[in-house]
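Participant: Dropping in final.pdb, with PDB, C-alpha atoms.
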```pdb
MODEL        1
ATOM      1  CA  MET R 674       0.000   0.000   0.000
ATOM      2  CA  ALA R 675       1.600   3.272  -1.070
ATOM      3  CA  GLN R 676       1.336   6.225   1.257
ATOM      4  CA  HIS R 677      -0.937   8.176  -1.082
ATOM      5  CA  GLN R 678      -3.449   5.304  -0.986
ATOM      6  CA  GLN R 679      -3.725   4.945   2.790
ATOM      7  CA  ASP R 680      -6.911   3.923   4.473
ATOM      8  CA  PRO R 681      -8.913   6.879   5.755
ATOM      9  CA  ALA R 682      -8.004   7.974   9.260
ATOM     10  CA  PRO R 683      -9.068  10.943  11.340
ATOM     11  CA  SER R 684      -6.900  14.002  10.851
ATOM     12  CA  PHE R 685      -5.306  16.646  13.035
ATOM     13  CA  ARG R 686      -3.350  19.812  12.223
ATOM     14  CA  VAL R 687       0.171  20.185  10.850
ATOM     15  CA  SER R 688       1.835  23.352   9.595
ATOM     16  CA  SER R 689       5.272  24.456   8.563
ATOM     17  CA  GLU R 690       7.254  27.679   8.703
ATOM     18  CA  SER R 691       9.210  26.292   5.720
ATOM     19  CA  PHE R 692       6.329  26.068   3.211
ATOM     20  CA  GLN R 693       2.559  26.282   3.006
ATOM     21  CA  ASP R 694       0.311  23.367   2.065
ATOM     22  CA  GLY R 695      -0.091  23.194  -1.713
ATOM     23  CA  GLN R 696       2.751  25.626  -2.412
ATOM     24  CA  THR R 697       6.097  25.086  -4.154
ATOM     25  CA  LEU R 698       8.872  23.586  -2.033
ATOM     26  CA  PRO R 699      11.393  26.341  -1.289
ATOM     27  CA  PRO R 700      15.023  25.773  -2.299
ATOM     28  CA  ALA R 701      16.062  24.682   1.216
ATOM     29  CA  GLN R 702      13.730  21.653   1.021
ATOM     30  CA  ARG R 703      14.888  20.651  -2.464
ATOM     31  CA  GLY R 704      17.600  18.150  -3.270
ATOM     32  CA  ALA R 705      21.083  19.686  -3.245
ATOM     33  CA  SER R 706      21.557  18.570  -6.861
ATOM     34  CA  THR R 707      18.736  20.826  -8.110
ATOM     35  CA  GLY R 708      20.554  24.151  -8.055
ATOM     36  CA  ALA R 709      21.257  27.345  -6.171
ATOM     37  CA  GLY R 710      20.086  27.415  -2.570
ATOM     38  CA  ALA R 711      18.990  23.769  -2.547
ATOM     39  CA  LYS R 712      20.274  22.054   0.568
ATOM     40  CA  ASP R 713      18.330  18.919   1.542
ATOM     41  CA  GLU R 714      17.023  20.583   4.709
ATOM     42  CA  SER R 715      13.983  18.951   6.249
ATOM     43  CA  PRO R 716      11.114  21.400   6.805
ATOM     44  CA  GLN R 717      10.121  22.880  10.130
ATOM     45  CA  LEU R 718       6.929  21.153  11.304
ATOM     46  CA  SER R 719       4.428  21.872  14.089
ATOM     47  CA  TRP R 720       1.341  19.809  14.876
ATOM     48  CA  SER R 721      -1.577  19.889  17.276
ATOM     49  CA  GLY R 722      -4.900  18.208  17.917
ATOM     50  CA  ALA R 723      -3.717  14.602  17.915
ATOM     51  CA  PRO R 724      -6.298  12.270  19.453
ATOM     52  CA  ALA R 725      -6.345  11.069  23.033
ATOM     53  CA  GLY R 726      -4.345   7.878  23.375
ATOM     54  CA  THR R 727      -1.486   9.054  21.160
ATOM     55  CA  GLN R 728       1.665   7.338  22.465
ATOM     56  CA  GLY R 729       4.097   8.495  19.800
ATOM     57  CA  TYR R 730       4.538   9.811  16.275
ATOM     58  CA  ALA R 731       6.204   9.016  12.987
ATOM     59  CA  VAL R 732       6.906  11.582  10.261
ATOM     60  CA  THR R 733       7.323  10.667   6.591
ATOM     61  CA  MET R 734       7.773  12.420   3.264
ATOM     62  CA  PHE R 735       6.745  10.556   0.131
ATOM     63  CA  ASP R 736       6.625  11.506  -3.565
ATOM     64  CA  PRO R 737       3.842   9.457  -5.197
ATOM     65  CA  ASP R 738       4.653  10.969  -8.607
ATOM     66  CA  ALA R 739       8.210   9.653  -8.849
ATOM     67  CA  PRO R 740       8.849   7.356 -11.797
ATOM     68  CA  GLY R 741       9.601   3.705 -11.224
ATOM     69  CA  ARG R 742       8.213   1.357  -8.669
ATOM     70  CA  GLY R 743       5.427   3.453  -7.226
ATOM     71  CA  GLY R 744       6.872   6.530  -5.604
ATOM     72  CA  PHE R 745       9.922   7.654  -3.672
ATOM     73  CA  TRP R 746      10.462   7.840   0.102
ATOM     74  CA  HIS R 747      12.377  11.016   0.961
ATOM     75  CA  TRP R 748      12.244  10.851   4.744
ATOM     76  CA  ALA R 749      11.009   8.789   7.671
ATOM     77  CA  VAL R 750      11.408   9.540  11.382
ATOM     78  CA  VAL R 751      10.064   7.063  13.920
ATOM     79  CA  ASP R 752       9.662   6.732  17.666
ATOM     80  CA  LEU R 753       8.970  10.421  18.268
ATOM     81  CA  PRO R 754       7.708  10.772  21.872
ATOM     82  CA  ALA R 755       4.047  11.699  22.439
ATOM     83  CA  ALA R 756       5.097  15.020  24.011
ATOM     84  CA  THR R 757       6.714  16.091  20.720
ATOM     85  CA  THR R 758       4.651  18.665  18.818
ATOM     86  CA  SER R 759       7.265  20.103  16.456
ATOM     87  CA  LEU R 760      10.531  19.520  14.662
ATOM     88  CA  PRO R 761      12.938  22.328  13.741
ATOM     89  CA  ALA R 762      14.078  22.868  10.168
ATOM     90  CA  GLY R 763      17.040  20.587   9.592
ATOM     91  CA  ALA R 764      15.909  17.929  12.091
ATOM     92  CA  GLY R 765      16.339  15.423   9.262
ATOM     93  CA  ALA R 766      20.087  15.967   8.979
ATOM     94  CA  ARG R 767      21.893  12.697   8.371
ATOM     95  CA  GLN R 768      23.324  12.823  11.907
ATOM     96  CA  GLY R 769      19.815  13.281  13.379
ATOM     97  CA  GLY R 770      21.096  15.592  16.115
ATOM     98  CA  HIS R 771      17.942  17.730  16.178
ATOM     99  CA  LEU R 772      15.597  14.841  16.941
ATOM    100  CA  PRO R 773      14.135  14.160  20.388
ATOM    101  CA  SER R 774      15.811  11.471  22.455
ATOM    102  CA  GLY R 775      14.817   7.989  21.296
ATOM    103  CA  ALA R 776      13.658   9.080  17.826
ATOM    104  CA  PHE R 777      15.597   7.976  14.757
ATOM    105  CA  GLN R 778      15.495   8.081  10.971
ATOM    106  CA  LEU R 779      15.117   5.271   8.493
ATOM    107  CA  LYS R 780      16.889   5.018   5.151
ATOM    108  CA  ASN R 781      15.329   6.947   2.277
ATOM    109  CA  ASP R 782      15.010   5.614  -1.270
ATOM    110  CA  GLY R 783      18.335   7.264  -2.077
ATOM    111  CA  GLY R 784      19.928   4.729   0.281
ATOM    112  CA  SER R 785      20.998   7.156   3.005
ATOM    113  CA  THR R 786      19.639   7.977   6.426
ATOM    114  CA  GLY R 787      18.014  11.370   6.809
ATOM    115  CA  TYR R 788      16.026  13.813   4.728
ATOM    116  CA  MET R 789      16.482  13.865   0.958
ATOM    117  CA  GLY R 790      14.976  16.959  -0.670
ATOM    118  CA  GLY R 791      12.642  17.035  -3.637
ATOM    119  CA  ALA R 792      14.392  16.516  -6.983
ATOM    120  CA  PRO R 793      12.003  15.391  -9.711
ATOM    121  CA  PRO R 794      13.441  14.483 -13.119
ATOM    122  CA  ARG R 795      13.599  17.437 -15.494
ATOM    123  CA  GLY R 796      10.508  17.661 -17.690
ATOM    124  CA  HIS R 797       8.610  15.055 -15.654
ATOM    125  CA  GLY R 798       5.945  17.521 -14.542
ATOM    126  CA  PRO R 799       4.945  18.587 -11.040
ATOM    127  CA  HIS R 800       5.609  16.229  -8.159
ATOM    128  CA  ARG R 801       3.808  16.160  -4.810
ATOM    129  CA  TYR R 802       5.922  15.837  -1.685
ATOM    130  CA  ILE R 803       3.521  14.610   0.985
ATOM    131  CA  VAL R 804       4.694  15.162   4.551
ATOM    132  CA  THR R 805       2.639  13.083   6.971
ATOM    133  CA  VAL R 806       2.655  13.124  10.757
ATOM    134  CA  HIS R 807       1.229   9.827  12.017
ATOM    135  CA  ALA R 808      -0.278   9.801  15.539
ATOM    136  CA  LEU R 809       0.253   6.295  16.895
ATOM    137  CA  ASP R 810      -1.141   4.220  19.748
ATOM    138  CA  VAL R 811       2.368   2.845  20.440
ATOM    139  CA  ALA R 812       5.536   4.590  21.570
ATOM    140  CA  HIS R 813       7.936   2.436  19.556
ATOM    141  CA  SER R 814       7.703   1.316  15.937
ATOM    142  CA  GLY R 815       9.565  -1.953  16.450
ATOM    143  CA  LEU R 816      11.871  -1.073  13.553
ATOM    144  CA  GLY R 817      15.636  -0.838  13.524
ATOM    145  CA  ALA R 818      17.605   2.104  12.148
ATOM    146  CA  GLY R 819      18.506   0.182   8.984
ATOM    147  CA  ALA R 820      14.877  -0.415   8.011
ATOM    148  CA  HIS R 821      13.395   0.993   4.815
ATOM    149  CA  PRO R 822      10.308   3.270   5.000
ATOM    150  CA  SER R 823       8.249   0.744   3.030
ATOM    151  CA  ALA R 824       8.558  -1.559   6.075
ATOM    152  CA  LEU R 825       7.178   1.272   8.175
ATOM    153  CA  GLU R 826       3.856   1.240   6.311
ATOM    154  CA  SER R 827       2.887  -2.201   7.571
ATOM    155  CA  LYS R 828       4.008  -1.281  11.089
ATOM    156  CA  LEU R 829       2.012   1.969  11.096
ATOM    157  CA  ALA R 830      -1.248   0.686   9.632
ATOM    158  CA  PRO R 831      -2.612  -1.109  12.722
ATOM    159  CA  HIS R 832      -1.370   1.629  15.105
ATOM    160  CA  THR R 833      -2.395   4.853  13.343
ATOM    161  CA  LEU R 834      -4.953   6.862  15.304
ATOM    162  CA  ALA R 835      -4.849   9.893  12.983
ATOM    163  CA  ARG R 836      -2.764  11.550  10.262
ATOM    164  CA  ALA R 837      -1.884  15.138   9.459
ATOM    165  CA  THR R 838      -0.564  15.969   5.995
ATOM    166  CA  LEU R 839       1.124  18.869   4.279
ATOM    167  CA  THR R 840       1.947  18.765   0.567
ATOM    168  CA  GLY R 841       4.691  20.680  -1.176
ATOM    169  CA  LEU R 842       4.995  20.840  -4.958
ATOM    170  CA  TYR R 843       8.054  20.991  -7.167
ATOM    171  CA  GLU R 844       8.759  20.728 -10.895
ATOM    172  CA  ARG R 845      11.991  21.133 -12.884
TER
ENDMDL
END
```
As structure tokens - that is how I would like this structure written.
Facilitator:
Amino acid sequence: MAQHQQDPAPSFRVSSESFQDGQTLPPAQRGASTGAGAKDESPQLSWSGAPAGTQGYAVTMFDPDAPGRGGFWHWAVVDLPAATTSLPAGAGARQGGHLPSGAFQLKNDGGSTGYMGGAPPRGHGPHRYIVTVHALDVAHSGLGAGAHPSALESKLAPHTLARATLTGLYER
């Protein structure tokens, strides 16, 4: 099941100081290979209104428009404590130093740990970069740091209480 085809779940609120929902990803959130100012910096995120019973969170960024095998995972953070309601810009640095204690990042589809900015193929049309905050009824995902985000989907499905999404767009 690809992230853009998830089962319906209640929603809560997520916002970003980095970009607005439905707007173009700014250079900081683009892949470093895309040009001036691009720096693979994960966006600032703030969320509120998660349902009672939330024990933890996961944050993902997925491009359902990427060519190939059904999309591209750009970022996945798991085991965020229930008290967490925001992440600073750059929290997805490969070293993960701006994440709360206990939280960690999975490998992206580029094969590295951490945030990988939007970088659609030239002339491929607009791509959607869907950032999702998953409110979970468990504190720990049960995944190891070497896991791939596709493994996260099956772990999240039975534990998702609600989701909050924010979509950035980008075309080259």
Participant: For the file shown, what are the residues hit by the PyMOL selection byres ((chain R and resi 844) around 8), laid out as an MDAnalysis selection string?
Facilitator: chainID R and resid 793 795:800 842:843 845
Participant: Interatomic distance between CA of Ala723 in chain R and CA of Arg686 in chain R?
Facilitator: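 Between CA of Ala723 in chain R and CA of Arg686 in chain R the gap works out to 7.7 Å.
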Participant: List as a PyMOL selection string the protein and nucleic acid residues near Gly787 in chain R, meaning an atom at most 12 Å away when all atoms listed in the file are counted, but skip any in the same chain fewer than 3 places from it.
Facilitator: chain R and resi 713-715+732-734+746-751+763-772+777-784+790+818-819+821-822
Participant: Dump C-alpha atoms for the selected residues as a PDB file, in the coordinates of the input?
Facilitator:
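Wrote it out as again36.pdb, contents follow:
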```pdb
ATOM      1  CA  ASP R 713      18.330  18.919   1.542  1.00  0.00           C
ATOM      2  CA  GLU R 714      17.023  20.583   4.709  1.00  0.00           C
ATOM      3  CA  SER R 715      13.983  18.951   6.249  1.00  0.00           C
ATOM      4  CA  VAL R 732       6.906  11.582  10.261  1.00  0.00           C
ATOM      5  CA  THR R 733       7.323  10.667   6.591  1.00  0.00           C
ATOM      6  CA  MET R 734       7.773  12.420   3.264  1.00  0.00           C
ATOM      7  CA  TRP R 746      10.462   7.840   0.102  1.00  0.00           C
ATOM      8  CA  HIS R 747      12.377  11.016   0.961  1.00  0.00           C
ATOM      9  CA  TRP R 748      12.244  10.851   4.744  1.00  0.00           C
ATOM     10  CA  ALA R 749      11.009   8.789   7.671  1.00  0.00           C
ATOM     11  CA  VAL R 750      11.408   9.540  11.382  1.00  0.00           C
ATOM     12  CA  VAL R 751      10.064   7.063  13.920  1.00  0.00           C
ATOM     13  CA  GLY R 763      17.040  20.587   9.592  1.00  0.00           C
ATOM     14  CA  ALA R 764      15.909  17.929  12.091  1.00  0.00           C
ATOM     15  CA  GLY R 765      16.339  15.423   9.262  1.00  0.00           C
ATOM     16  CA  ALA R 766      20.087  15.967   8.979  1.00  0.00           C
ATOM     17  CA  ARG R 767      21.893  12.697   8.371  1.00  0.00           C
ATOM     18  CA  GLN R 768      23.324  12.823  11.907  1.00  0.00           C
ATOM     19  CA  GLY R 769      19.815  13.281  13.379  1.00  0.00           C
ATOM     20  CA  GLY R 770      21.096  15.592  16.115  1.00  0.00           C
ATOM     21  CA  HIS R 771      17.942  17.730  16.178  1.00  0.00           C
ATOM     22  CA  LEU R 772      15.597  14.841  16.941  1.00  0.00           C
ATOM     23  CA  PHE R 777      15.597   7.976  14.757  1.00  0.00           C
ATOM     24  CA  GLN R 778      15.495   8.081  10.971  1.00  0.00           C
ATOM     25  CA  LEU R 779      15.117   5.271   8.493  1.00  0.00           C
ATOM     26  CA  LYS R 780      16.889   5.018   5.151  1.00  0.00           C
ATOM     27  CA  ASN R 781      15.329   6.947   2.277  1.00  0.00           C
ATOM     28  CA  ASP R 782      15.010   5.614  -1.270  1.00  0.00           C
ATOM     29  CA  GLY R 783      18.335   7.264  -2.077  1.00  0.00           C
ATOM     30  CA  GLY R 784      19.928   4.729   0.281  1.00  0.00           C
ATOM     31  CA  GLY R 790      14.976  16.959  -0.670  1.00  0.00           C
ATOM     32  CA  ALA R 818      17.605   2.104  12.148  1.00  0.00           C
ATOM     33  CA  GLY R 819      18.506   0.182   8.984  1.00  0.00           C
ATOM     34  CA  HIS R 821      13.395   0.993   4.815  1.00  0.00           C
ATOM     35  CA  PRO R 822      10.308   3.270   5.000  1.00  0.00           C
TER      36      PRO R 822
END
```
Participant: With the PyMOL selection byres ((chain R and resi 702) around 9) as the selection, what would be picked from this file? Answer as a list of chain:residue names, please.
Facilitator: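 Taken on the displayed file, the PyMOL selection byres ((chain R and resi 702) around 9) yields the residues R:Ser691, R:Phe692, R:Leu698, R:Pro699, R:Pro700, R:Ala701, R:Arg703, R:Gly704, R:Ala705, R:Ala711, R:Lys712, R:Asp713, R:Glu714, R:Ser715, R:Pro716, R:Tyr788, R:Met789, R:Gly790, R:Gly791.
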Participant: I'd like to know which of R:Gly775, R:Val811, R:Pro794, R:Arg801 is closest to Gly741 in chain R, using all atoms listed in the file.
Facilitator: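 Under the stated criterion, the closest residue is R:Pro794.
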Participant: Given 8 Å on each side, where is the centre and what are the edge lengths in Å to one decimal of the axis-aligned box enclosing the listed atoms of range 683-699 of chain R, as AutoDock Vina command-line options?
Facilitator:
```
--center_x 1.2 --center_y 19.3 --center_z 4.4 --size_x 36.5 --size_y 32.7 --size_z 33.2
```
Participant: Just to confirm, what's the straight-line distance from CA of Pro724 in chain R to CA of Thr757 in chain R in Å (one decimal)?
Facilitator: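 CA of Pro724 in chain R sits 13.6 Å away from CA of Thr757 in chain R.
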Participant: Separation of CA of Thr707 in chain R and CA of Ala820 in chain R, in Å?
Facilitator: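 Distance reported for this atom pair: 26.9 Å.
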Participant: Using the chain letters and numbers from the file, which residues does the PyMOL selection byres ((chain R and resi 837) around 12) grab, as an mmCIF file with C-alpha atoms, keeping the file's coordinate frame?
Facilitator:
```cif
data_model
loop_
_atom_site.group_PDB
_atom_site.id
_atom_site.type_symbol
_atom_site.label_atom_id
_atom_site.label_comp_id
_atom_site.auth_asym_id
_atom_site.auth_seq_id
_atom_site.Cartn_x
_atom_site.Cartn_y
_atom_site.Cartn_z
ATOM 1 C CA PRO R 681 -8.913 6.879 5.755
ATOM 2 C CA ALA R 682 -8.004 7.974 9.260
ATOM 3 C CA PRO R 683 -9.068 10.943 11.340
ATOM 4 C CA SER R 684 -6.900 14.002 10.851
ATOM 5 C CA PHE R 685 -5.306 16.646 13.035
ATOM 6 C CA ARG R 686 -3.350 19.812 12.223
ATOM 7 C CA VAL R 687 0.171 20.185 10.850
ATOM 8 C CA SER R 688 1.835 23.352 9.595
ATOM 9 C CA SER R 689 5.272 24.456 8.563
ATOM 10 C CA ASP R 694 0.311 23.367 2.065
ATOM 11 C CA LEU R 718 6.929 21.153 11.304
ATOM 12 C CA SER R 719 4.428 21.872 14.089
ATOM 13 C CA TRP R 720 1.341 19.809 14.876
ATOM 14 C CA SER R 721 -1.577 19.889 17.276
ATOM 15 C CA GLY R 722 -4.900 18.208 17.917
ATOM 16 C CA ALA R 723 -3.717 14.602 17.915
ATOM 17 C CA PRO R 724 -6.298 12.270 19.453
ATOM 18 C CA TYR R 730 4.538 9.811 16.275
ATOM 19 C CA ALA R 731 6.204 9.016 12.987
ATOM 20 C CA VAL R 732 6.906 11.582 10.261
ATOM 21 C CA THR R 733 7.323 10.667 6.591
ATOM 22 C CA MET R 734 7.773 12.420 3.264
ATOM 23 C CA THR R 758 4.651 18.665 18.818
ATOM 24 C CA ILE R 803 3.521 14.610 0.985
ATOM 25 C CA VAL R 804 4.694 15.162 4.551
ATOM 26 C CA THR R 805 2.639 13.083 6.971
ATOM 27 C CA VAL R 806 2.655 13.124 10.757
ATOM 28 C CA HIS R 807 1.229 9.827 12.017
ATOM 29 C CA ALA R 808 -0.278 9.801 15.539
ATOM 30 C CA LEU R 809 0.253 6.295 16.895
ATOM 31 C CA THR R 833 -2.395 4.853 13.343
ATOM 32 C CA LEU R 834 -4.953 6.862 15.304
ATOM 33 C CA ALA R 835 -4.849 9.893 12.983
ATOM 34 C CA ARG R 836 -2.764 11.550 10.262
ATOM 35 C CA THR R 838 -0.564 15.969 5.995
ATOM 36 C CA LEU R 839 1.124 18.869 4.279
ATOM 37 C CA THR R 840 1.947 18.765 0.567
#
```
Participant: May I have the residues at most 8 Å from (8.6, 13.5, 21.5) in the file's coordinates, counting all atoms listed in the file, as an MDAnalysis selection string?
Facilitator: chainID R and resid 729:730 752:758 773:774 776
Participant: Write the residues of the selection above to a file with C-alpha atoms, as a PDB file, in the frame of the given file.
Facilitator:
```pdb
ATOM      1  CA  GLY R 729       4.097   8.495  19.800  1.00  0.00           C
ATOM      2  CA  TYR R 730       4.538   9.811  16.275  1.00  0.00           C
ATOM      3  CA  ASP R 752       9.662   6.732  17.666  1.00  0.00           C
ATOM      4  CA  LEU R 753       8.970  10.421  18.268  1.00  0.00           C
ATOM      5  CA  PRO R 754       7.708  10.772  21.872  1.00  0.00           C
ATOM      6  CA  ALA R 755       4.047  11.699  22.439  1.00  0.00           C
ATOM      7  CA  ALA R 756       5.097  15.020  24.011  1.00  0.00           C
ATOM      8  CA  THR R 757       6.714  16.091  20.720  1.00  0.00           C
ATOM      9  CA  THR R 758       4.651  18.665  18.818  1.00  0.00           C
ATOM     10  CA  PRO R 773      14.135  14.160  20.388  1.00  0.00           C
ATOM     11  CA  SER R 774      15.811  11.471  22.455  1.00  0.00           C
ATOM     12  CA  ALA R 776      13.658   9.080  17.826  1.00  0.00           C
TER      13      ALA R 776
END
```
